[in-house]
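A quick write-up on the structure given underneath.
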Amino acid sequence: MNDDIKVSEVTEILHQQLESIDSGIQVSEIGKVLQVSDGVVRIYGLRNAQANELIEFENGEKAIVMNLEEDNVGAVLLGRTDMIKEGYIAKRTGHIVSIMAGESMLGRVINPLGEPMDGKGPLDGGTLYEMPLERKAPGIIFREPVNEPLQTGLKAIDAMIPIGRGQRELIIGDRQTGKTAIAIDTIINQRANYEAGNPVYCIYVAVGQKDSTVAATVQTLRKYGAMDYTVVVSACAADPAALQYFAPFAGAAVGEYFRDTGRHALVIYDDLSKQAVAYREVSLILRRPSGREAYPGDIFYLHSRLLERAAKIISQQEVASQMNDVPPSLKGKIKGGGSLTALPIIETQAGDVTAYIPTNVISITDGQIFLDTDLFNQGIRPAINVGISVSRVGGNAQIKAMKQVASSLKINQSQYQELEAFTKFGGEVDPVTALAINKGQRNTKLLCQKQYNPIPVEKEIAILYCGTHGLLHDIPVDKVETFEKLFLETLELKHKDDVLNLLKEGTINDSVTAILNETAASIVKQII
Amino acid sequence: MDVNILSMRYAKALFQFAAENGDEKKVYEECQILSMAFPEVKKLRVTLQSPLVSEEEKTLLIREACSPGGKDVSPSFNSFIKLVIRNKREGYVNSIILIYMDLYRNSKHIGVAKLTTAVPVEKHVLERISEKTRLHLHAAEMEFDTKVDPRIEGGFIFDFNDFRIDASVYSQLLNIRKQLTDRNRRIV
Ligand SMILES: Nc1ncnc2c1ncn2[C@@H]1O[C@H](COP(=O)(O)OP(=O)(O)OP(=O)(O)O)[C@@H](O)[C@H]1O
Ligand SMILES: [Mg+2]
C-alpha cells in the first residue's frame, strides 16, 4: 500500500474483503500435543492424518506430518518450538503441503510455503495454482529425450559440457569455487530468451544460506534484469530445519507449474548438501534409524525423487494431457513440450567427491560440472576441471555449429592439462607436444570468463573456432583476452548478418569460416 | 525404542492384567486423573525422567498424582507403576495411559464429548446433546464433560472423540483476522 492512499479506499477494500470472508463452521479432526522438542511435536490422536499433511495448532502455528504411527503422529514444526506447549490441540487441515504457484510469483522472493519475504505485499494479479510440494515425477511415456539446448552463456560449459532442457546437471566443488556464480550467470543469460518472447523461467532455491547472501544475489539478479523471469525461494540458515528441507521441493513445484503448462523452466538448488543436513536433523529428532554419516536410510530417495522431477515433457499434446499425478488445480490445463531443467549444487569438503552425498547425487544426475580449488586459485575461472566433468545427454542438444567447432575441444583440453603437468619437470619437448601445449594454453585462457558476463551462443562459436583452429598460435598468452574483445567487436560491427546470425541458427559453412579466418588474421596482425 | 510400539505394549498388558484382576474401571479412572495432571503440571514429566529422583520418590509421585495421599490406588495400577519405574520407562507413562484409556473406551463402547461454552447451558439441553452424540457415535455410554470459558465470547466448541466442531465467536473472529492479514500481509 502506498502512503497516499485514501482512507475511504481502504474502507472500501476492507468491505469487499469482509464480504468474501469464509466463516463456515467445519468439523475438524483433532489431536493433543504429547511432547514437543527441537522442532518436532508428537501428537496423540489425528488418526486419519496423511503423510505430509499440514496441521494447525490453536495458536495458528503450523507443522507437517512426517511420522505416522498407530496412535500418534510425529510432525515437524514450521515455526518456533517455544510457541507450542504440551496439551495444545492440533487440527488436521486436510491439505497436503503445497505452494500456490503462478505468474505473479516472478520477480518475488518467497519462502517454501509461498509466502512473500520481500516486503512487497501479497502476490497479486493472475491466478495461482495449488502445486503439491511432493509429487510423483512424470512417467516414461510422458517424457521426451533431451534435444533442445539450454545455453548457459559460459563458453567452457556450452562447448564442452553442454546442458539440454530437461537435463539434471550437477555443479559440484569445494566452498568458494564459483558454484553459485555459474548458476547466476546461467540465469542472467536467459534474458535474451525472455526478450525474444520465449522465456526460460528461472527458480533459484537458496537453502540454508545467510539472509544477507540471498539479498545480495537478488540484488545482482535485479541489476542484470533477470528478476523479470525469476522466482527466488529462500529458507535461510535461521529457519527451522523443516523449511530448509522443503525448500527444494517448493522450487520443484513452482518449476512444474511452468513445465506442465508447456513452458521451459530452470531450477537451481543451492545447495543440496545443506538440504541433506537439514533432513538429517529432522530425521534424527524423529528418531528414525540413521546410516552412513548419520544420514537416514532414505537420503538417496530424497534427492532422486526431487531430481526426477526435472524432465522434458513430450510435445504430443494428446499424450501429454494424460500425464500422471496432475494436481487438481492443473486438470485440463496441461500442455506438452515444456521442460524443467535442474542444476543442483553440492559442496564438497577438500575436493572429496567420494563422500556419501556427492556420490549419491552424481549417480542420480545426468552429469556433473566439477569445480577445482587449484584451478580457481590459478585464476582459471570458471574453475572447471574438464577431465572429470561430463554431460551425459546434453550433446544431443548442442546446436550443429557448436558441435562442429567444439567437438575436439574437450579431449584436447584434458590432454593439455596432463601434458602441462609433465612439462613442469622441464626438459625438451617434441614439436607436436609443443604445438599442443601452445594451443592448450591459449584455449585455457579463451575459456576463462568474467562473472556476470555470459555471451550469446553465436559469439561463443565464433571465438572458439579461432581457438580450436589454432588461429591464436602467434599471439602471446596474455593478449588472448584483448584478441577476444577485438574479434567479437569486429564481428558485431561488420559481420552481424553474414556470420553471427548464421551461427545463431547453427549453420557454419565455407563463407562463414573464410570470414572468421580473415578477421582473426587481421586482428592478430593488429596485436603483435 | 519407538514411543508408540513401547507404549502400546505396556498399555495392552496393563489392560489385560487389570481385566484379570477385575479393576479395569478403577484403573481407567486413575488414568483419567493422571492424564489431566500431565499438561497441568509441567514439571511432572521432567521430574519423572530425572535420574536424580529416586525410584521410591517417583512411585510416590505417580500415586499421589492419581489419588490424593496416594492411598487408594488400585492393586493393578500399583503394580503397573512399580513395573514401569523398575524398567525405567517413566518417560512413557503419559502415552501409555492415553492408550490404555482408548483401549478401555473401545472395549466398553464409551464415547467422550466435551462442550465448551461462554455461559452455562441448561441441564436438559446438555442431556439432549449427550444423547444425540451417543447415537451418532454408536456408543453404549457417554462421558459428557462441560466447560464454561468466557474467553470464547459466544457460540460453542464441541469435541467428541477425535473431532471438534468449533463454532465459537472467538475462533471465527480469529479466522477473519487471519484471512484479512493473509491478504494484506506486508513484511517490512
Ligand atoms: N568467473 C569468475 N571470475 C571471477 N571471479 C569469480 C568467478 N566466479 C566466481 N568468482 C568469485 O569467486 C567467489 C566465490 O564464488 P561463489 O560465491 O560463486 O562460490 P561458491 O562456490 O558458490 O561459494 P560458497 O561455497 O560460499 O557457496 C566470489 O567472490 C565470486 O565473485
Ligand atoms: Mg554459493
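Residues in the C-alpha cells are named by chain (A, B, ... in the order shown) and by number from 1 within that chain; ligands are numbered from 1 in the order shown.
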
Q | ligand 2 neighbours within 9 Å using only C-alpha atoms and all ligand atoms, as a PyMOL selection string | A | chain A and resi 175-181+209+213+270-271+345+347

**Q.** Expected answer as number ranges by chain: chain A residues within 8 Å of chain B, only C-alpha atoms
**A.** A: 17-18, 21-23, 25-31, 34, 44-47, 69-72, 86-87, 116-122, 287

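For the atom pair formed by CA of Ile334 (chain A) and CA of Ala320 (chain A), the distance is 7.0 Å, given to one decimal.
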
Q: Do a neighbour search on region 121-123 of chain B at 12 Å with only C-alpha atoms, toss out local chain neighbours closer than 5 positions, and write the hits as a list of chain:residue names.
A: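 Listed by chain and then number, they are B:Leu115, B:Thr116, B:Arg128, B:Ile129, B:Ser130, B:Phe144, B:Asp145, B:Thr146, B:Lys147, B:Val148, B:Asp149, B:Gly154, B:Gly155, B:Phe156.
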
Saved selection, atoms kept: N, CA, C and O atoms, as a PDB file, in the first residue's frame:
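Done, and the output landed in part_28.pdb:
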ATOM      1  N   LEU B 115     -18.287 -30.142  25.891  1.00  0.00           N
ATOM      2  CA  LEU B 115     -18.891 -28.941  25.339  1.00  0.00           C
ATOM      3  C   LEU B 115     -18.351 -27.729  26.072  1.00  0.00           C
ATOM      4  O   LEU B 115     -18.431 -27.645  27.297  1.00  0.00           O
ATOM      5  N   THR B 116     -17.772 -26.814  25.308  1.00  0.00           N
ATOM      6  CA  THR B 116     -17.260 -25.598  25.916  1.00  0.00           C
ATOM      7  C   THR B 116     -18.151 -24.438  25.479  1.00  0.00           C
ATOM      8  O   THR B 116     -18.395 -24.259  24.282  1.00  0.00           O
ATOM      9  N   ARG B 128     -29.843 -33.630  26.122  1.00  0.00           N
ATOM     10  CA  ARG B 128     -30.240 -33.933  24.742  1.00  0.00           C
ATOM     11  C   ARG B 128     -29.013 -34.034  23.838  1.00  0.00           C
ATOM     12  O   ARG B 128     -28.907 -34.927  22.994  1.00  0.00           O
ATOM     13  N   ILE B 129     -28.103 -33.107  24.024  1.00  0.00           N
ATOM     14  CA  ILE B 129     -26.881 -33.151  23.197  1.00  0.00           C
ATOM     15  C   ILE B 129     -26.142 -34.464  23.428  1.00  0.00           C
ATOM     16  O   ILE B 129     -25.726 -35.149  22.492  1.00  0.00           O
ATOM     17  N   SER B 130     -26.049 -34.825  24.699  1.00  0.00           N
ATOM     18  CA  SER B 130     -25.323 -36.039  25.043  1.00  0.00           C
ATOM     19  C   SER B 130     -25.957 -37.259  24.385  1.00  0.00           C
ATOM     20  O   SER B 130     -25.267 -38.097  23.794  1.00  0.00           O
ATOM     21  N   PHE B 144     -19.706 -37.269  29.308  1.00  0.00           N
ATOM     22  CA  PHE B 144     -20.001 -35.932  28.810  1.00  0.00           C
ATOM     23  C   PHE B 144     -19.470 -34.896  29.777  1.00  0.00           C
ATOM     24  O   PHE B 144     -19.797 -34.901  30.955  1.00  0.00           O
ATOM     25  N   ASP B 145     -18.651 -34.020  29.252  1.00  0.00           N
ATOM     26  CA  ASP B 145     -17.997 -33.039  30.102  1.00  0.00           C
ATOM     27  C   ASP B 145     -18.402 -31.651  29.611  1.00  0.00           C
ATOM     28  O   ASP B 145     -18.611 -31.452  28.421  1.00  0.00           O
ATOM     29  N   THR B 146     -18.510 -30.721  30.520  1.00  0.00           N
ATOM     30  CA  THR B 146     -18.803 -29.359  30.077  1.00  0.00           C
ATOM     31  C   THR B 146     -17.788 -28.411  30.673  1.00  0.00           C
ATOM     32  O   THR B 146     -17.177 -28.698  31.698  1.00  0.00           O
ATOM     33  N   LYS B 147     -17.636 -27.300  29.978  1.00  0.00           N
ATOM     34  CA  LYS B 147     -16.699 -26.317  30.479  1.00  0.00           C
ATOM     35  C   LYS B 147     -17.241 -24.939  30.145  1.00  0.00           C
ATOM     36  O   LYS B 147     -17.759 -24.732  29.039  1.00  0.00           O
ATOM     37  N   VAL B 148     -17.153 -24.042  31.089  1.00  0.00           N
ATOM     38  CA  VAL B 148     -17.573 -22.670  30.812  1.00  0.00           C
ATOM     39  C   VAL B 148     -16.315 -21.835  30.690  1.00  0.00           C
ATOM     40  O   VAL B 148     -15.508 -21.765  31.606  1.00  0.00           O
ATOM     41  N   ASP B 149     -16.131 -21.272  29.508  1.00  0.00           N
ATOM     42  CA  ASP B 149     -14.934 -20.479  29.266  1.00  0.00           C
ATOM     43  C   ASP B 149     -15.332 -19.158  28.621  1.00  0.00           C
ATOM     44  O   ASP B 149     -15.607 -19.102  27.423  1.00  0.00           O
ATOM     45  N   GLY B 154     -18.699 -16.360  22.732  1.00  0.00           N
ATOM     46  CA  GLY B 154     -20.059 -16.810  22.439  1.00  0.00           C
ATOM     47  C   GLY B 154     -19.966 -18.055  21.603  1.00  0.00           C
ATOM     48  O   GLY B 154     -18.873 -18.506  21.262  1.00  0.00           O
ATOM     49  N   GLY B 155     -21.107 -18.633  21.236  1.00  0.00           N
ATOM     50  CA  GLY B 155     -21.091 -19.861  20.450  1.00  0.00           C
ATOM     51  C   GLY B 155     -20.608 -21.017  21.309  1.00  0.00           C
ATOM     52  O   GLY B 155     -20.719 -20.989  22.534  1.00  0.00           O
ATOM     53  N   PHE B 156     -20.036 -22.024  20.667  1.00  0.00           N
ATOM     54  CA  PHE B 156     -19.599 -23.191  21.435  1.00  0.00           C
ATOM     55  C   PHE B 156     -18.464 -23.910  20.728  1.00  0.00           C
ATOM     56  O   PHE B 156     -18.242 -23.707  19.532  1.00  0.00           O
TER      57      PHE B 156
END

Q) Counting only C-alpha atoms, what is within 8 Å of Leu446 (chain A), bar same-chain residues fewer than 2 positions away, as a PyMOL selection string? A) chain A and resi 442-444+448-449+464+467+480-481+484

Q. Using only C-alpha atoms and all ligand atoms, which residue out of A:Ser20, A:Ser273, A:Gln417, A:Thr482 lies closest to ligand 1?
A.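 When distances to ligand 1 are compared using only C-alpha atoms and all ligand atoms, the smallest one comes from A:Ser273.
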
Q: Could you please determine the separation between CA of Lys108 (chain B) and CA of Ile85 (chain B) in Å, to one decimal place?
A: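 Interatomic distance, CA of Lys108 (chain B) to CA of Ile85 (chain B): 28.6 Å.
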
Q: Extract the full set of helix (DSSP H, G or I) residues from region 45-180 of chain B according to DSSP on the backbone, and format it as an MDAnalysis selection string.
A: chainID B and resid 45:49 55:66 68:70 75:86 90:108 123:137 150:152 169:180

Q | Neighbour list for region 69-83 of chain B as a ChimeraX atom specification, cut-off 12 Å, only C-alpha atoms, skip fewer than 3 positions in-chain | A | /B:10-31,33-34,48,55-66,86-94,96-97,100

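Interatomic distance, CA of Ile43 (chain A) against CA of Tyr245 (chain A): 21.1 Å.
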
(Q) For Leu491 (chain A), find every residue with an atom within 9 Å (counting only C-alpha atoms), except residues of its own chain fewer than 2 positions away, and show them as a PyMOL selection string. (A) chain A and resi 459+462+486-489+493-496+499-500+516+519

Write the residues you've just listed into a file as a compact mmCIF listing (two decimals), in the first residue's frame, and include all heavy atoms for each of them.
# COMPACT_ATOMS: atom_id res chain seq x y z
N LYS A 459 28.45 -15.94 -30.58
CA LYS A 459 29.78 -15.39 -30.30
C LYS A 459 30.69 -16.46 -29.70
O LYS A 459 31.89 -16.49 -29.96
CB LYS A 459 29.67 -14.20 -29.35
CG LYS A 459 29.08 -12.98 -30.03
CD LYS A 459 29.16 -11.77 -29.15
CE LYS A 459 28.58 -10.57 -29.89
NZ LYS A 459 28.41 -9.42 -28.98
N ALA A 462 32.00 -18.45 -32.58
CA ALA A 462 32.98 -17.71 -33.37
C ALA A 462 34.35 -17.70 -32.68
O ALA A 462 35.37 -18.01 -33.30
CB ALA A 462 32.49 -16.29 -33.60
N LEU A 486 38.54 -7.66 -29.27
CA LEU A 486 38.58 -7.01 -30.58
C LEU A 486 37.83 -7.86 -31.61
O LEU A 486 37.06 -7.35 -32.42
CB LEU A 486 40.03 -6.80 -31.03
CG LEU A 486 40.81 -5.76 -30.24
CD1 LEU A 486 42.26 -5.73 -30.70
CD2 LEU A 486 40.17 -4.38 -30.43
N PHE A 487 38.07 -9.15 -31.56
CA PHE A 487 37.49 -10.06 -32.54
C PHE A 487 35.96 -9.99 -32.50
O PHE A 487 35.29 -9.82 -33.52
CB PHE A 487 37.98 -11.49 -32.24
CG PHE A 487 37.46 -12.54 -33.18
CD1 PHE A 487 37.97 -12.65 -34.47
CD2 PHE A 487 36.48 -13.42 -32.78
CE1 PHE A 487 37.50 -13.62 -35.34
CE2 PHE A 487 36.01 -14.40 -33.63
CZ PHE A 487 36.52 -14.49 -34.92
N LEU A 488 35.42 -10.08 -31.29
CA LEU A 488 33.96 -10.08 -31.17
C LEU A 488 33.37 -8.72 -31.54
O LEU A 488 32.31 -8.64 -32.15
CB LEU A 488 33.54 -10.49 -29.76
CG LEU A 488 33.82 -11.96 -29.42
CD1 LEU A 488 33.41 -12.28 -28.00
CD2 LEU A 488 33.13 -12.90 -30.40
N GLU A 489 34.10 -7.67 -31.20
CA GLU A 489 33.62 -6.33 -31.56
C GLU A 489 33.55 -6.18 -33.08
O GLU A 489 32.58 -5.66 -33.61
CB GLU A 489 34.56 -5.25 -30.98
CG GLU A 489 34.18 -4.84 -29.56
CD GLU A 489 35.23 -3.92 -28.95
OE1 GLU A 489 36.15 -3.44 -29.69
OE2 GLU A 489 35.16 -3.72 -27.72
N LEU A 493 30.30 -5.50 -35.39
CA LEU A 493 30.17 -4.30 -36.22
C LEU A 493 29.99 -4.63 -37.69
O LEU A 493 29.14 -4.08 -38.36
CB LEU A 493 31.43 -3.43 -36.06
CG LEU A 493 31.46 -2.50 -34.84
CD1 LEU A 493 32.78 -1.76 -34.78
CD2 LEU A 493 30.29 -1.51 -34.92
N LYS A 494 30.83 -5.58 -38.18
CA LYS A 494 30.89 -5.74 -39.63
C LYS A 494 30.17 -6.98 -40.16
O LYS A 494 29.80 -7.03 -41.32
CB LYS A 494 32.37 -5.82 -40.07
CG LYS A 494 33.10 -4.54 -39.83
CD LYS A 494 34.47 -4.61 -40.47
CE LYS A 494 35.27 -3.35 -40.16
NZ LYS A 494 36.71 -3.66 -40.14
N HIS A 495 30.04 -7.99 -39.33
CA HIS A 495 29.53 -9.25 -39.89
C HIS A 495 28.33 -9.79 -39.14
O HIS A 495 28.18 -10.97 -38.95
CB HIS A 495 30.64 -10.31 -39.90
CG HIS A 495 31.83 -9.89 -40.70
ND1 HIS A 495 31.82 -9.84 -42.07
CD2 HIS A 495 33.06 -9.47 -40.32
CE1 HIS A 495 32.99 -9.42 -42.50
NE2 HIS A 495 33.77 -9.17 -41.44
N LYS A 496 27.47 -8.91 -38.71
CA LYS A 496 26.31 -9.38 -37.94
C LYS A 496 25.44 -10.32 -38.77
O LYS A 496 25.05 -11.39 -38.33
CB LYS A 496 25.49 -8.18 -37.46
CG LYS A 496 24.66 -8.52 -36.25
CD LYS A 496 24.22 -7.30 -35.50
CE LYS A 496 23.18 -7.62 -34.47
NZ LYS A 496 23.39 -8.38 -33.37
N VAL A 499 27.64 -13.52 -40.58
CA VAL A 499 28.29 -14.52 -39.72
C VAL A 499 27.45 -14.82 -38.48
O VAL A 499 26.94 -15.93 -38.30
CB VAL A 499 29.71 -14.07 -39.29
CG1 VAL A 499 30.32 -15.06 -38.32
CG2 VAL A 499 30.60 -13.93 -40.52
N LEU A 500 27.26 -13.82 -37.64
CA LEU A 500 26.64 -14.07 -36.33
C LEU A 500 25.24 -14.65 -36.46
O LEU A 500 24.91 -15.64 -35.80
CB LEU A 500 26.63 -12.78 -35.50
CG LEU A 500 28.02 -12.33 -35.03
CD1 LEU A 500 27.93 -11.09 -34.18
CD2 LEU A 500 28.72 -13.43 -34.26
N LEU A 516 35.69 -15.71 -40.74
CA LEU A 516 36.28 -15.86 -39.40
C LEU A 516 37.80 -15.87 -39.50
O LEU A 516 38.49 -15.18 -38.75
CB LEU A 516 35.76 -17.13 -38.73
CG LEU A 516 34.29 -17.13 -38.30
CD1 LEU A 516 33.89 -18.48 -37.71
CD2 LEU A 516 34.02 -16.03 -37.28
N THR A 519 39.10 -12.32 -40.45
CA THR A 519 39.01 -11.36 -39.34
C THR A 519 40.06 -11.67 -38.29
O THR A 519 40.74 -10.76 -37.79
CB THR A 519 37.62 -11.45 -38.68
OG1 THR A 519 36.63 -11.56 -39.71
CG2 THR A 519 37.34 -10.24 -37.82

(Q) Please list as number ranges by chain every residue within 10 Å of Gly74 (chain A), counting only C-alpha atoms and excluding residues in the same chain fewer than 6 positions away. (A) A: 33, 35-36, 40-44, 51, 63-68, 285-287

**Q.** Which residue of A:Ala90, A:Met100, A:Val390, A:Ile172 approaches ligand 1 most closely, using only C-alpha atoms and all ligand atoms
**A.** A:Ile172

Q. In terms of the shortest atom-to-atom distance over only C-alpha atoms and all ligand atoms, which of A:Thr217, A:Asn324, A:Thr93, A:Gln244 is closest to ligand 1?
A.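 Nearest to ligand 1: A:Thr217.
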